[in-house]
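First comes the structure, then the notes that go with it.
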Amino acid sequence: MDKLHLLSNQDETATGPPSHPPTAPDAGPFKDGASAPPVELMPEAGACAALIPEYSDAPPPPLGYLQQSPANSPDWHIPAISEELAREVFIEFASRKCCYSTKPSKEMVFTDMHALNTYRYRLETFTESRSTEWASEPYNGQLVDGLSGVAPGPWDMVVPVPALFKDCKRDIRIPHTSSVKGCDSCLNLGRSACARCVNSGRIQCQICGGSGRSASNGRCHHCTGHGRIMCAACGGVGSTTCMKCQGRGRILSFILLKIKWKNNEYTTMVDKRSGFPVDLLHSVTGEMLFTDMNKQVYPIVNFPEGAVNSASASAVQEHQAQFSTTCRIVQQRQTIELIPVTRVHFAWREKTHIYFVYGAENKVFTKDYPARCCCCSIS
Ligand SMILES: [Zn+2]
Ligand SMILES: [Zn+2]
Ligand SMILES: [Zn+2]
């Protein structure tokens, strides 16, 4: 069992929106009509609220405030790749295609090259949500703490975040919520009726279908004419050990705190509408231009490419609206990546053509390679 600490006001890791006390047992996990811990063990709504600290994070500065100016980054403009590299990757591209001739790539004459800076903006909002539900385990004499103290509210429990920006789940028993109950599943008997034979210890013979007769109208050898055989599931006893209490007849009932950490991503591409299929860029690596990580990030306002600022503004606003009321935002991170895209114009046998070199991997894309056989449909 995890070590739990009571919250101190200085500790901001456990602040957050208060969650409601667990659902009433009859509407909750005990759908089968189980008895639940006595009402006096449940934290009262009023008492619980008093235990939950105020959300103490400093209010955000007004929108438009920028903590770290991306314009300070020295190298916003990435020049087009060199002609040597453009040719090299193009020859390699052509030689990998079974029905492309490498001739054009070797003989071509460059007429123009354009760097088309494309940006990948990404906002990650790492959230934590908490809920509670009744749970139980077989009672084997373990500690019962329901009456020995006041149960902390869900957000009073200090639980370290396992890893930032990684989805994770954890269930933790809330202290001072446990009590011993009779097992509702077996009515304290420790055994449940066998689901296969419904208490009888015998089931219908599958060979004769219960008739007791064989196909030749003689006696069925399998059931020796009785039409029924011993139930293998319970060994003929008619009941099995109760799964819920593992035969103990009693269970320890308690409230479980369920914590879910989730990384929520918003990604958008800002391109020059150059005719290049932007979808191809999702699979390539870019160059990280800007990273901003904080408990709460603010929209970027002064990136030279206005569309990136707009993307940041809508992303931050959208995530705030989506998550700030339903869960606790643990950390946010926004990044701008530059994905180099170069449009290369070249001439071969008096015709001009275009191809693109994109990503840190220098991948090639073209729609009109000049010399390929007609059977090839791949670009
Ligand atoms: Zn039979
Ligand atoms: Zn049975
Ligand atoms: Zn039971």
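Here, A, B, ... name the chains of the structure tokens in the order displayed, residue numbers run from 1 inside each chain, and ligands are numbered from 1 in the same displayed order.
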
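A distance cut-off of 8 Å from ligand 3, applied to only C-alpha atoms and all ligand atoms, picks out the residues A:Gly182, A:Cys183, A:Asp184, A:Ser185, A:Cys186, A:Leu187, A:Asn188, A:Leu189, A:Gly190, A:Arg191, A:Ser192, A:Thr241, A:Cys242, A:Met243, A:Lys244, A:Cys245, A:Gln246, A:Gly247, A:Arg248, A:Gly249, A:Arg250, A:Ile251.
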
Using only C-alpha atoms and all ligand atoms, which protein or nucleic acid residues are at most 8 Å from ligand 2, as an NGL selection string?
-> :A and (193-203 or 230-240)

Deliver the residues from the most recent selection as a file, using C-alpha atoms, as a short mmCIF file (atom, residue, chain, number, x, y, z; two decimals), in the first residue's frame.
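Now in part_28.cif:
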data_model
loop_
_atom_site.label_atom_id
_atom_site.label_comp_id
_atom_site.auth_asym_id
_atom_site.auth_seq_id
_atom_site.Cartn_x
_atom_site.Cartn_y
_atom_site.Cartn_z
CA ALA A 193 -24.31 -21.81 -6.28
CA CYS A 194 -22.49 -23.46 -9.18
CA ALA A 195 -23.32 -21.48 -12.30
CA ARG A 196 -23.10 -24.58 -14.46
CA CYS A 197 -25.43 -26.98 -12.65
CA VAL A 198 -27.35 -24.44 -10.53
CA ASN A 199 -26.76 -26.20 -7.21
CA SER A 200 -27.81 -29.68 -8.38
CA GLY A 201 -24.28 -31.07 -8.86
CA ARG A 202 -25.38 -32.79 -12.05
CA ILE A 203 -25.79 -31.69 -15.63
CA MET A 230 -21.76 -35.24 -12.54
CA CYS A 231 -21.02 -31.51 -12.96
CA ALA A 232 -17.28 -31.13 -13.56
CA ALA A 233 -17.31 -27.43 -12.66
CA CYS A 234 -18.12 -28.06 -8.99
CA GLY A 235 -17.18 -31.74 -8.73
CA GLY A 236 -20.81 -32.63 -8.03
CA VAL A 237 -21.04 -30.48 -4.93
CA GLY A 238 -23.41 -27.97 -6.49
CA SER A 239 -21.53 -24.93 -5.26
CA THR A 240 -18.16 -23.28 -5.73
#

A:Leu256, A:Phe346, A:Tyr358, A:Val301: which is nearest Ser105 in chain A, counting only C-alpha atoms?
->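 Looking only at the distances to Ser105 in chain A, the closest residue turns out to be A:Phe346.
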
Please provide as a count of residues only all residues within 7 Å of range 159-166 of chain A, with the sequence filter that same-chain residues fewer than 6 positions apart are discarded (counting only C-alpha atoms).
-> 3

Contacts of Val364 in chain A within 8 Å, only C-alpha atoms, excl. fewer than 3 positions in-chain, as JSON, numbers by chain | {"A": [89, 90, 93, 355, 356, 357, 358]}

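Going from CA of Arg130 in chain A to CA of Asp167 in chain A covers 13.9 Å.
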
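Each of A:Ser310, A:Asn117, A:Thr111, A:Ser129 was checked against Ser324 in chain A using only C-alpha atoms; the smallest atom-to-atom distance is that of A:Ser129.
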
Selection within 7 Å of ligand 1 by only C-alpha atoms and all ligand atoms, output as a list in words | Cys205, Gln206, Ile207, Cys208, Gly209, Gly210, Ser211, Gly212, Arg213, Cys220, His221, His222, Cys223, Thr224, Gly225, His226, Gly227 and Arg228 of chain A

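Of the listed residues (A:Leu123, A:Ile354, A:Met108, A:Leu338), A:Leu123 comes nearest to Ala311 in chain A; the distances count only C-alpha atoms.
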
Identify all residues of range 215-349 of chain A in strand (DSSP E or B) (DSSP on the backbone) and supply them as a PyMOL selection string.
-> chain A and resi 219+228-230+239-241+250-270+287-294+328-339+341-348

Min atom-atom distance to Thr125 in chain A from the set A:Thr352, A:Val278, A:Trp261, A:Ile300, counting only C-alpha atoms, belongs to A:Trp261

Suppose you want the space between CA of Pro370 in chain A and CA of Tyr100 in chain A; what is it in Å?
->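 Value for the CA of Pro370 in chain A-CA of Tyr100 in chain A distance: 8.6 Å.
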
Quick one: everything within 12 Å of Tyr266 in chain A, counting only C-alpha atoms, minus sequence neighbours fewer than 2 positions away in the same chain. Send it as an MDAnalysis selection string.
-> chainID A and resid 120:126 263:264 268:269 311:319 322 332:335

7 Å contact set for Val330 in chain A, only C-alpha atoms, chain neighbours under 3 positions out, as a ChimeraX atom specification = /A:126-128,295

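As for CA of Arg343 in chain A and CA of Thr366 in chain A, they are spaced 9.8 Å apart.
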